[in-house]
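**Student:** This is data_24.cif, which holds mmCIF, C-alpha atoms:
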```cif
data_model
loop_
_atom_site.label_atom_id
_atom_site.label_comp_id
_atom_site.auth_asym_id
_atom_site.auth_seq_id
_atom_site.Cartn_x
_atom_site.Cartn_y
_atom_site.Cartn_z
CA MET A 1 -28.17 -29.32 -139.51
CA SER A 2 -27.62 -25.95 -141.10
CA ALA A 3 -29.10 -22.69 -139.89
CA THR A 4 -31.21 -22.66 -142.99
CA ASP A 5 -32.60 -26.10 -142.17
CA THR A 6 -33.39 -25.00 -138.62
CA THR A 7 -35.34 -22.04 -139.92
CA LEU A 8 -37.33 -24.24 -142.23
CA GLU A 9 -38.28 -26.57 -139.39
CA GLN A 10 -39.75 -23.80 -137.23
CA PRO A 11 -43.56 -23.70 -137.49
CA ALA A 12 -44.97 -20.63 -139.12
CA GLU A 13 -46.85 -18.27 -136.80
CA ALA A 14 -50.52 -19.17 -136.96
CA ALA A 15 -52.79 -16.51 -138.41
CA PRO A 16 -55.45 -15.30 -135.99
CA GLU A 17 -58.65 -17.21 -136.45
CA THR A 18 -61.69 -15.32 -137.63
CA PRO A 19 -64.74 -16.64 -135.84
CA PRO A 20 -67.24 -18.11 -138.29
CA PHE A 21 -70.29 -16.02 -139.05
CA SER A 22 -73.48 -17.64 -137.89
CA MET A 23 -77.04 -16.53 -137.25
CA GLU A 24 -77.89 -19.80 -135.53
CA LEU A 25 -79.11 -19.32 -131.97
CA SER A 26 -77.27 -21.21 -129.26
CA GLN A 27 -79.02 -24.08 -127.50
CA ASP A 28 -79.30 -21.94 -124.36
CA GLN A 29 -80.97 -19.15 -126.33
CA LYS A 30 -83.39 -21.62 -127.92
CA ASP A 31 -84.22 -23.14 -124.55
CA ILE A 32 -84.95 -19.76 -122.95
CA ARG A 33 -86.99 -18.66 -125.97
CA ASP A 34 -89.07 -21.84 -125.88
CA TRP A 35 -89.53 -21.57 -122.10
CA VAL A 36 -90.86 -18.02 -122.36
CA HIS A 37 -93.02 -18.98 -125.34
CA GLY A 38 -94.57 -21.75 -123.27
CA PHE A 39 -95.47 -19.26 -120.54
CA ALA A 40 -96.83 -16.81 -123.11
CA GLU A 41 -98.91 -19.49 -124.81
CA GLY A 42 -100.18 -21.27 -121.72
CA VAL A 43 -100.63 -18.41 -119.24
CA VAL A 44 -100.49 -14.99 -120.90
CA ARG A 45 -102.53 -15.38 -124.08
CA PRO A 46 -105.52 -17.15 -122.49
CA ALA A 47 -105.82 -14.28 -119.98
CA ALA A 48 -105.20 -11.43 -122.42
CA ALA A 49 -108.77 -10.50 -123.33
CA GLU A 50 -109.90 -10.51 -119.68
CA TRP A 51 -107.19 -8.16 -118.44
CA ASP A 52 -107.58 -5.93 -121.49
CA GLU A 53 -111.24 -5.47 -120.60
CA ARG A 54 -110.55 -5.00 -116.89
CA GLU A 55 -107.79 -2.44 -117.54
CA GLU A 56 -106.05 -3.52 -114.34
CA THR A 57 -102.57 -4.69 -113.45
CA PRO A 58 -102.56 -8.51 -113.67
CA TRP A 59 -100.85 -9.13 -110.34
CA PRO A 60 -101.60 -12.89 -110.34
CA ILE A 61 -99.81 -13.31 -113.67
CA ILE A 62 -96.84 -11.21 -112.56
CA GLN A 63 -96.62 -13.40 -109.47
CA GLU A 64 -96.78 -16.54 -111.57
CA ALA A 65 -93.97 -15.15 -113.73
CA ALA A 66 -91.98 -14.51 -110.54
CA GLN A 67 -92.61 -18.00 -109.21
CA ILE A 68 -91.22 -19.66 -112.33
CA GLY A 69 -88.22 -17.32 -112.30
CA LEU A 70 -89.18 -15.17 -115.28
CA TYR A 71 -89.84 -12.01 -113.25
CA SER A 72 -86.77 -11.43 -111.08
CA PHE A 73 -83.49 -9.55 -111.09
CA GLU A 74 -81.67 -12.88 -111.37
CA SER A 75 -83.43 -13.75 -114.63
CA LEU A 76 -82.90 -10.28 -116.02
CA GLY A 77 -79.22 -10.59 -115.12
CA GLN A 78 -79.09 -13.85 -117.04
CA PHE A 79 -80.70 -12.23 -120.07
CA PHE A 80 -78.31 -9.27 -119.93
CA ALA A 81 -75.29 -11.55 -119.51
CA ASP A 82 -75.77 -13.18 -122.90
CA GLU A 83 -72.65 -12.13 -124.80
CA THR A 84 -74.49 -11.80 -128.10
CA GLY A 85 -77.09 -9.40 -126.70
CA LEU A 86 -79.91 -11.42 -128.25
CA MET A 87 -81.41 -13.04 -125.17
CA LEU A 88 -83.37 -10.00 -123.99
CA PRO A 89 -85.01 -9.31 -127.39
CA LEU A 90 -85.80 -13.02 -127.75
CA VAL A 91 -87.55 -13.03 -124.37
CA ASN A 92 -89.47 -9.84 -125.11
CA GLU A 93 -90.64 -10.99 -128.53
CA GLU A 94 -92.07 -14.20 -127.12
CA LEU A 95 -93.72 -12.56 -124.12
CA PHE A 96 -95.34 -9.82 -126.22
CA TRP A 97 -96.41 -12.42 -128.75
CA GLY A 98 -98.58 -13.66 -125.89
CA ASP A 99 -99.99 -10.22 -125.07
CA ALA A 100 -98.49 -6.75 -125.05
CA GLY A 101 -100.49 -5.37 -122.12
CA ILE A 102 -99.57 -8.23 -119.81
CA GLY A 103 -96.07 -8.28 -121.29
CA MET A 104 -95.62 -4.62 -120.38
CA SER A 105 -96.92 -5.23 -116.86
CA ILE A 106 -94.12 -7.80 -116.50
CA MET A 107 -91.37 -5.99 -118.39
CA GLY A 108 -92.24 -2.37 -117.48
CA THR A 109 -89.98 -2.64 -114.46
CA THR A 110 -86.93 -3.14 -116.67
CA LEU A 111 -86.87 0.50 -117.79
CA ALA A 112 -86.28 1.63 -114.20
CA VAL A 113 -83.77 -1.19 -113.78
CA ALA A 114 -81.93 -0.07 -116.93
CA ALA A 115 -81.63 3.45 -115.53
CA ILE A 116 -80.25 2.18 -112.22
CA PHE A 117 -77.88 -0.26 -113.91
CA GLY A 118 -76.68 2.27 -116.48
CA GLN A 119 -76.22 5.26 -114.18
CA GLY A 120 -75.98 3.93 -110.65
CA THR A 121 -72.97 3.05 -108.54
CA PRO A 122 -72.30 -0.62 -107.71
CA GLU A 123 -73.74 0.01 -104.25
CA GLN A 124 -76.93 1.51 -105.70
CA ILE A 125 -77.28 -1.33 -108.17
CA GLY A 126 -76.96 -3.92 -105.42
CA GLU A 127 -79.39 -2.13 -103.12
CA TRP A 128 -82.18 -1.03 -105.44
CA ILE A 129 -82.51 -3.45 -108.34
CA PRO A 130 -83.64 -6.37 -106.14
CA GLN A 131 -86.22 -4.06 -104.54
CA CYS A 132 -87.66 -3.32 -107.98
CA TYR A 133 -88.85 -6.93 -108.17
CA GLY A 134 -89.55 -7.96 -104.60
CA THR A 135 -89.82 -11.72 -104.10
CA ALA A 136 -91.82 -14.52 -105.67
CA ASP A 137 -94.22 -14.38 -102.72
CA ASP A 138 -94.39 -10.57 -102.54
CA VAL A 139 -93.86 -9.14 -106.03
CA LYS A 140 -93.14 -5.46 -106.58
CA VAL A 141 -92.85 -3.29 -109.67
CA ALA A 142 -90.78 -0.21 -110.51
CA ALA A 143 -91.39 2.93 -112.57
CA PHE A 144 -89.19 5.12 -114.74
CA CYS A 145 -90.64 8.65 -114.77
CA ALA A 146 -89.25 10.95 -117.44
CA SER A 147 -92.12 12.43 -119.47
CA GLU A 148 -94.22 15.36 -118.31
CA PRO A 149 -97.39 17.05 -119.61
CA ASN A 150 -95.25 19.50 -121.60
CA ALA A 151 -92.14 17.37 -122.02
CA GLY A 152 -92.69 14.37 -124.24
CA SER A 153 -90.45 14.31 -127.29
CA ASP A 154 -88.82 17.52 -126.02
CA VAL A 155 -86.97 16.10 -123.01
CA SER A 156 -85.19 19.43 -122.53
CA ALA A 157 -88.53 20.87 -121.39
CA VAL A 158 -88.59 18.84 -118.15
CA ARG A 159 -89.69 21.11 -115.30
CA THR A 160 -89.46 18.74 -112.35
CA ARG A 161 -86.83 20.29 -110.11
CA ALA A 162 -84.35 18.71 -107.76
CA LYS A 163 -82.68 20.96 -105.20
CA PHE A 164 -80.03 19.86 -102.74
CA ASP A 165 -80.62 20.74 -99.10
CA GLU A 166 -77.16 21.23 -97.66
CA ALA A 167 -78.48 21.21 -94.09
CA THR A 168 -79.99 17.74 -94.29
CA GLY A 169 -78.02 16.20 -97.16
CA GLU A 170 -81.28 15.47 -98.95
CA TRP A 171 -82.60 16.18 -102.43
CA VAL A 172 -86.01 17.86 -102.62
CA LEU A 173 -88.10 16.96 -105.69
CA ASN A 174 -91.05 18.97 -106.99
CA GLY A 175 -92.99 18.47 -110.21
CA GLN A 176 -95.37 16.29 -112.18
CA LYS A 177 -94.61 13.24 -114.29
CA ALA A 178 -96.95 11.92 -116.97
CA TRP A 179 -97.56 8.60 -118.76
CA ALA A 180 -95.46 6.68 -116.23
CA THR A 181 -95.68 2.91 -116.60
CA ASN A 182 -96.34 1.56 -113.08
CA GLY A 183 -96.45 5.15 -111.83
CA GLY A 184 -97.81 5.37 -108.30
CA ILE A 185 -98.11 1.60 -107.74
CA SER A 186 -94.36 0.99 -107.69
CA ASP A 187 -92.14 0.43 -104.70
CA VAL A 188 -89.23 2.09 -106.51
CA HIS A 189 -89.62 5.16 -108.73
CA VAL A 190 -86.75 6.52 -110.81
CA ILE A 191 -87.37 10.24 -111.42
CA ILE A 192 -85.70 12.39 -114.06
CA ALA A 193 -85.38 15.94 -112.76
CA THR A 194 -83.43 19.04 -113.63
CA VAL A 195 -80.81 20.30 -111.22
CA ASP A 196 -79.78 23.22 -113.45
CA PRO A 197 -82.56 24.48 -115.76
CA GLU A 198 -80.16 26.75 -117.65
CA LEU A 199 -78.37 23.69 -119.04
CA GLY A 200 -81.51 22.17 -120.55
CA SER A 201 -81.36 18.40 -120.92
CA ARG A 202 -77.69 18.41 -119.93
CA GLY A 203 -78.72 19.61 -116.50
CA HIS A 204 -80.82 16.53 -115.78
CA ALA A 205 -80.15 13.84 -113.20
CA ALA A 206 -81.89 10.62 -112.12
CA PHE A 207 -83.11 10.01 -108.58
CA ILE A 208 -84.49 6.98 -106.79
CA VAL A 209 -87.56 7.58 -104.65
CA PRO A 210 -87.67 4.74 -102.08
CA PRO A 211 -90.89 2.95 -101.09
CA GLY A 212 -93.26 4.94 -98.92
CA THR A 213 -91.48 8.26 -99.35
CA PRO A 214 -93.79 11.16 -98.34
CA GLY A 215 -94.50 13.65 -101.11
CA LEU A 216 -94.88 11.17 -103.97
CA THR A 217 -98.48 10.47 -104.97
CA GLN A 218 -100.26 8.92 -107.91
CA GLY A 219 -102.31 11.21 -110.08
CA THR A 220 -104.89 10.21 -112.66
CA LYS A 221 -104.66 6.70 -114.03
CA VAL A 222 -104.70 6.91 -117.82
CA LYS A 223 -107.40 5.00 -119.73
CA LYS A 224 -105.57 3.93 -122.86
CA HIS A 225 -106.29 2.83 -126.42
CA GLY A 226 -104.04 -0.21 -126.00
CA LEU A 227 -101.72 -1.91 -123.50
CA ARG A 228 -104.68 -1.77 -121.15
CA ALA A 229 -103.34 -4.38 -118.72
CA SER A 230 -100.34 -2.15 -118.08
CA HIS A 231 -100.83 0.56 -115.44
CA THR A 232 -100.06 4.09 -116.66
CA ALA A 233 -100.54 7.18 -114.49
CA ASP A 234 -99.33 10.65 -113.58
CA VAL A 235 -96.98 10.98 -110.62
CA PHE A 236 -96.87 14.09 -108.43
CA LEU A 237 -93.86 15.15 -106.39
CA ASP A 238 -94.57 17.70 -103.67
CA ASP A 239 -91.51 18.53 -101.55
CA CYS A 240 -90.52 14.90 -101.89
CA ARG A 241 -87.30 14.43 -99.92
CA VAL A 242 -84.89 11.62 -100.72
CA PRO A 243 -81.48 10.90 -99.16
CA GLY A 244 -78.41 12.19 -100.95
CA ALA A 245 -77.47 8.58 -101.69
CA CYS A 246 -80.54 8.30 -103.94
CA LEU A 247 -78.95 10.43 -106.67
CA LEU A 248 -77.91 7.86 -109.26
CA GLY A 249 -74.17 7.97 -109.75
CA GLY A 250 -73.62 10.20 -106.72
CA LYS A 251 -73.21 13.93 -106.24
CA GLU A 252 -69.49 14.05 -106.98
CA ARG A 253 -70.00 12.58 -110.43
CA LEU A 254 -72.94 14.93 -111.07
CA ASP A 255 -70.94 18.00 -110.02
CA GLU A 256 -68.08 16.99 -112.30
CA ARG A 257 -70.42 16.49 -115.25
CA LEU A 258 -72.19 19.81 -114.74
CA ALA A 259 -68.85 21.61 -114.43
CA ARG A 260 -67.75 20.17 -117.76
CA VAL A 261 -70.97 21.26 -119.43
CA ARG A 262 -70.71 24.78 -118.00
CA GLU A 263 -67.19 25.01 -119.39
CA GLY A 264 -68.55 24.20 -122.82
CA LYS A 265 -67.12 20.70 -122.92
CA LYS A 266 -69.05 17.81 -124.33
CA GLY A 267 -70.94 15.81 -121.72
CA LYS A 268 -72.28 12.31 -121.81
CA SER A 269 -75.87 11.56 -122.79
CA GLN A 270 -78.32 13.09 -120.35
CA ALA A 271 -80.18 10.87 -117.92
CA ALA A 272 -83.39 10.10 -119.82
CA MET A 273 -81.84 9.69 -123.27
CA ALA A 274 -79.14 7.34 -121.98
CA THR A 275 -81.86 4.99 -120.77
CA PHE A 276 -83.90 5.24 -123.98
CA GLU A 277 -80.85 4.61 -126.18
CA ALA A 278 -80.14 1.36 -124.34
CA SER A 279 -83.73 0.15 -124.41
CA ARG A 280 -84.78 0.88 -128.00
CA PRO A 281 -83.85 -2.50 -129.53
CA THR A 282 -85.72 -4.28 -126.74
CA VAL A 283 -88.77 -2.12 -127.34
CA GLY A 284 -88.47 -3.00 -131.02
CA ALA A 285 -88.51 -6.70 -130.10
CA GLN A 286 -91.77 -6.16 -128.22
CA ALA A 287 -93.33 -4.64 -131.33
CA ILE A 288 -92.13 -7.59 -133.40
CA GLY A 289 -93.86 -9.96 -130.99
CA ILE A 290 -97.16 -8.17 -131.59
CA ALA A 291 -96.66 -8.13 -135.36
CA ARG A 292 -95.77 -11.81 -135.44
CA ALA A 293 -98.85 -12.73 -133.42
CA ALA A 294 -101.05 -10.91 -135.91
CA TYR A 295 -99.29 -12.41 -138.93
CA GLU A 296 -99.51 -15.98 -137.63
CA TYR A 297 -103.19 -15.60 -136.74
CA ALA A 298 -104.04 -14.07 -140.12
CA LEU A 299 -102.11 -16.80 -141.94
CA GLU A 300 -104.05 -19.61 -140.25
CA TYR A 301 -107.32 -17.75 -140.72
CA ALA A 302 -106.63 -17.32 -144.43
CA LYS A 303 -105.99 -21.06 -144.78
CA ASP A 304 -109.28 -21.95 -143.07
CA ARG A 305 -111.61 -19.22 -144.31
CA GLU A 306 -113.40 -20.10 -147.53
CA GLN A 307 -115.12 -17.73 -149.94
CA PHE A 308 -116.31 -18.51 -153.48
CA GLY A 309 -115.53 -22.18 -152.91
CA LYS A 310 -111.86 -21.89 -151.96
CA ALA A 311 -109.59 -20.80 -149.10
CA ILE A 312 -108.98 -17.07 -149.28
CA ILE A 313 -105.20 -17.62 -149.16
CA GLU A 314 -105.49 -18.99 -152.71
CA ASN A 315 -106.16 -15.43 -153.81
CA GLN A 316 -103.03 -13.47 -154.67
CA ALA A 317 -104.27 -10.38 -152.85
CA ILE A 318 -104.33 -12.26 -149.54
CA ALA A 319 -101.26 -14.39 -150.19
CA PHE A 320 -99.15 -11.40 -151.24
CA ALA A 321 -100.25 -9.42 -148.17
CA LEU A 322 -99.13 -12.27 -145.93
CA ALA A 323 -95.87 -12.56 -147.86
CA ASP A 324 -95.21 -8.86 -147.28
CA MET A 325 -96.05 -9.22 -143.59
CA LYS A 326 -93.54 -12.04 -143.16
CA LEU A 327 -90.93 -10.10 -145.14
CA GLU A 328 -91.27 -6.94 -143.07
CA ILE A 329 -91.35 -8.75 -139.72
CA ASP A 330 -88.18 -10.68 -140.50
CA ALA A 331 -86.43 -7.52 -141.73
CA ALA A 332 -87.39 -5.65 -138.57
CA ARG A 333 -86.14 -8.52 -136.41
CA LEU A 334 -82.74 -8.43 -138.12
CA LEU A 335 -82.44 -4.71 -137.36
CA VAL A 336 -83.31 -5.39 -133.72
CA TRP A 337 -80.80 -8.21 -133.47
CA ARG A 338 -78.06 -6.09 -135.05
CA ALA A 339 -78.66 -3.21 -132.65
CA SER A 340 -78.85 -5.57 -129.67
CA TRP A 341 -75.57 -7.19 -130.65
CA MET A 342 -73.91 -3.82 -131.18
CA GLY A 343 -75.09 -2.54 -127.81
CA ARG A 344 -73.92 -5.66 -125.95
CA THR A 345 -70.52 -5.79 -127.63
CA GLY A 346 -69.81 -2.09 -127.22
CA GLN A 347 -70.12 -1.14 -130.88
CA PRO A 348 -71.06 2.54 -131.24
CA PHE A 349 -74.36 3.40 -132.90
CA ARG A 350 -72.70 5.61 -135.51
CA ASN A 351 -75.73 5.50 -137.79
CA ALA A 352 -78.34 5.43 -135.01
CA GLU A 353 -78.83 1.69 -135.39
CA GLY A 354 -80.81 1.56 -132.15
CA SER A 355 -83.27 4.12 -133.47
CA MET A 356 -83.45 2.28 -136.78
CA SER A 357 -84.52 -0.90 -135.04
CA LYS A 358 -87.21 0.74 -132.93
CA LEU A 359 -88.54 2.80 -135.84
CA LYS A 360 -88.80 -0.12 -138.23
CA ALA A 361 -90.29 -2.53 -135.70
CA GLY A 362 -92.89 -0.05 -134.46
CA GLU A 363 -94.08 0.87 -137.92
CA VAL A 364 -94.13 -2.76 -139.05
CA ALA A 365 -96.24 -3.72 -136.02
CA THR A 366 -98.78 -0.98 -136.71
CA TRP A 367 -98.94 -1.84 -140.41
CA ALA A 368 -99.00 -5.65 -139.97
CA THR A 369 -101.78 -5.61 -137.40
CA GLU A 370 -103.87 -3.39 -139.68
CA ARG A 371 -103.28 -5.85 -142.51
CA ALA A 372 -104.38 -8.68 -140.24
CA ILE A 373 -107.65 -6.90 -139.48
CA HIS A 374 -108.21 -6.45 -143.22
CA ILE A 375 -107.56 -10.13 -143.95
CA LEU A 376 -110.11 -11.13 -141.31
CA GLY A 377 -112.58 -8.63 -142.72
CA GLY A 378 -115.53 -7.86 -140.46
CA ASN A 379 -114.35 -10.47 -137.97
CA GLY A 380 -111.10 -8.58 -137.56
CA TYR A 381 -112.99 -5.51 -136.42
CA THR A 382 -114.73 -7.31 -133.56
CA ARG A 383 -113.51 -8.13 -130.08
CA GLU A 384 -114.35 -11.76 -130.69
CA PHE A 385 -111.03 -11.99 -132.52
CA PRO A 386 -107.69 -10.83 -131.06
CA VAL A 387 -106.32 -8.90 -134.04
CA GLU A 388 -108.18 -5.69 -133.13
CA ARG A 389 -106.51 -5.76 -129.69
CA TRP A 390 -103.11 -6.33 -131.26
CA HIS A 391 -103.70 -3.34 -133.53
CA ARG A 392 -104.59 -1.16 -130.54
CA ASP A 393 -101.51 -2.39 -128.69
CA ALA A 394 -99.18 -1.85 -131.65
CA LYS A 395 -99.90 1.83 -132.17
CA ILE A 396 -98.03 2.99 -129.07
CA TYR A 397 -94.79 1.67 -130.58
CA THR A 398 -94.72 4.57 -133.03
CA ILE A 399 -95.20 6.99 -130.12
CA PHE A 400 -93.53 6.10 -126.82
CA GLU A 401 -89.79 5.98 -126.15
CA GLY A 402 -89.33 8.29 -129.10
CA THR A 403 -91.93 8.87 -131.81
CA SER A 404 -91.25 7.71 -135.34
CA GLU A 405 -90.48 11.32 -136.24
CA ILE A 406 -87.93 11.59 -133.43
CA GLN A 407 -86.30 8.33 -134.53
CA ARG A 408 -85.99 9.66 -138.08
CA LEU A 409 -84.51 12.87 -136.71
CA VAL A 410 -81.93 10.91 -134.71
CA ILE A 411 -81.03 8.82 -137.76
CA ALA A 412 -80.83 11.86 -140.05
CA ARG A 413 -78.48 13.65 -137.67
CA ALA A 414 -76.30 10.55 -137.29
CA ILE A 415 -75.85 9.85 -140.99
CA SER A 416 -75.42 13.50 -142.04
CA GLY A 417 -73.51 15.03 -139.19
CA VAL A 418 -75.91 17.95 -139.52
CA HIS A 419 -78.07 19.16 -136.64
CA VAL A 420 -81.30 18.61 -138.57
CA ARG A 421 -84.33 20.27 -136.95
#
```
Written as structure tokens, how would this file's structure read?

**Tutor:**
Amino acid sequence: MSATDTTLEQPAEAAPETPPFSMELSQDQKDIRDWVHGFAEGVVRPAAAEWDEREETPWPIIQEAAQIGLYSFESLGQFFADETGLMLPLVNEELFWGDAGIGMSIMGTTLAVAAIFGQGTPEQIGEWIPQCYGTADDVKVAAFCASEPNAGSDVSAVRTRAKFDEATGEWVLNGQKAWATNGGISDVHVIIATVDPELGSRGHAAFIVPPGTPGLTQGTKVKKHGLRASHTADVFLDDCRVPGACLLGGKERLDERLARVREGKKGKSQAAMATFEASRPTVGAQAIGIARAAYEYALEYAKDREQFGKAIIENQAIAFALADMKLEIDAARLLVWRASWMGRTGQPFRNAEGSMSKLKAGEVATWATERAIHILGGNGYTREFPVERWHRDAKIYTIFEGTSEIQRLVIARAISGVHVR
């Protein structure tokens, strides 16, 4: 056999396979989605009106979620582990489809958990995340405290101070936090404080305040327009001392970061914004759950409600409104899924895709729930029907974790490269 023949017999090097593009959910994702939907339909939604009226934390429902394995650090770990990044938004959409107030009482803990997971050391993650949840028999919640009376959208205006006491090795926290989900009723509080006011938001750090720490007290509980089953309150810190080990990431890493900033070098995202950036697609999924609930209810109502001898959905005005609702909800979901996938797979948000998803979903939820009220007419304006509650719940999604205006600012800066003000 000639050399030429030998060459011809050698198999050609196989070209790398390109994985097929698919938007089909895996069987595991479908199973988890359906499991959460069952809980939302059978437990959450029937209790929604009661807890909205009571404006209290629905501890029995949180405990039931814990007992079935939905509220625990193990389940959250399973959701986070999904390599596509879609599991967490799927879970949130279904739960908030049931009710946003109860959904937030269950999922509000995850914001504190995200801060610990994103900024903490492995030791801190292992110690504190389980304590955020407690056990199925003794459930706990956690709070992420960033906003202040004069520091909402302007996170650089945070005045809560953290000073290191060299003599005791403790951090001393003083200040006031506002609008804290689970604030004051939590076992674990994550506090954003400034360690160097001259550096603005780049001088911030995150601290864990352990259960029962003296100096942390709950202020006024906020009576809200929506999400009434979710506890929101001010948190006061008065010479609140926490061990040095409660600084997320540790003091050595903080000192290195501050030194870089003082030298004029670019630092990583500051403590609060790093948490918000990671959570925005999930928050968008919550808004989609509310919007979908309103759309589905309005659709069935329009099929059943008769005026002038026919179902109102036979009128183009109603049918087109429902068509637009479905269109916008599906479009918002795709933005959320894209951002969730990008975040999980390490793709940079070069065009502020996370902000896009939260902005679109929040505005769609507010608009779609208003449309649902209109389709129900006078019935939609009464508490006998759930769409007015969904509308009240939806509005916060254009405000918290970055207002719609802030999201547009973030997107504008990302696409232009200009520091738009």

**Student:** So how far away is atom CA of Gly226 of chain A from atom CA of Ala368 of chain A, in Å?

**Tutor:**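 These two atoms are separated by 15.8 Å.
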
**Student:** Excluding Gln29 of chain A and residues on its chain fewer than 4 positions from it, collect all residues at most 8 Å away from it, counting all atoms listed in the file, and give them as a list in words.

**Tutor:**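 Here the qualifying residues turn out to be Leu25, Arg33, Met87 and Leu90 of chain A.
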
**Student:** Report as a list in words the full result of the PyMOL selection byres ((chain A and resi 190) around 8) when it is applied to this structure.

**Tutor:** Ala112, Ala115, Ile116, Ala142, Ala143, Phe144, Cys145, Val188, His189, Ile191, Ile192, Ala206, Phe207, Ile208 and Val209 of chain A

**Student:** When the PyMOL selection byres ((chain A and resi 385) around 12) is applied to the structure above, which residues does it catch, written out as an MDAnalysis selection string?

**Tutor:** chainID A and resid 48:49 294 297:298 301 372:373 376:384 386:391

**Student:** Would you translate the PyMOL selection byres ((chain A and resi 109) around 9) into the concrete set of residues it matches in this file, as a PyMOL selection string?

**Tutor:** chain A and resi 104-108+110-114+132-133+140-144+181-182+186

**Student:** Pick the closest to Gly134 of chain A from A:Glu405, A:Glu252, A:Glu296, A:Glu74: which is it, counting all atoms listed in the file?

**Tutor:**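 Selected residue with least distance to Gly134 of chain A: A:Glu74.
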
**Student:** Counting only C-alpha atoms, which residue out of A:Val43, A:Ala146, A:Val336, A:Leu86 sits closest to Ile102 of chain A?

**Tutor:** A:Val43

**Student:** Pick out the residues sitting within 8 Å of Ile411 of chain A, and hand them over as a PyMOL selection string; count only C-alpha atoms, and ignore anything fewer than 2 positions along from it in its own chain.

**Tutor:** chain A and resi 351-353+355-356+407-409+413-415

**Student:** What's the 9 Å shell around Leu173 of chain A, counting all atoms listed in the file, without same-chain residues fewer than 2 positions away, as a ChimeraX atom specification?

**Tutor:** /A:160-163,171,175,191,193,215,237-242

**Student:** Got a sec: who's within 12 Å of Phe39 of chain A, counting only C-alpha atoms, leaving out chain neighbours fewer than 2 positions off, as a ChimeraX atom specification?

**Tutor:** /A:32-37,41-47,61-62,64-71,91,94-99,102-103

**Student:** If we count only C-alpha atoms, what is near Gly346 of chain A at a cut-off of 12 Å, once residues fewer than 3 positions away on the same chain are taken out, given as a PyMOL selection string?

**Tutor:** chain A and resi 83-85+278+339-343+349-350

**Student:** Can you find the residues with an atom no farther than 12 Å from (-78.1, 25.4, -118.3), counting only C-alpha atoms, and report them as a PyMOL selection string?

**Tutor:** chain A and resi 156-157+194-204+258-264

**Student:** Between atom CA of Lys177 of chain A and atom CA of Phe236 of chain A, what is the distance in Å, rounded to a tenth?

**Tutor:**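 Distance reported for this atom pair: 6.3 Å.
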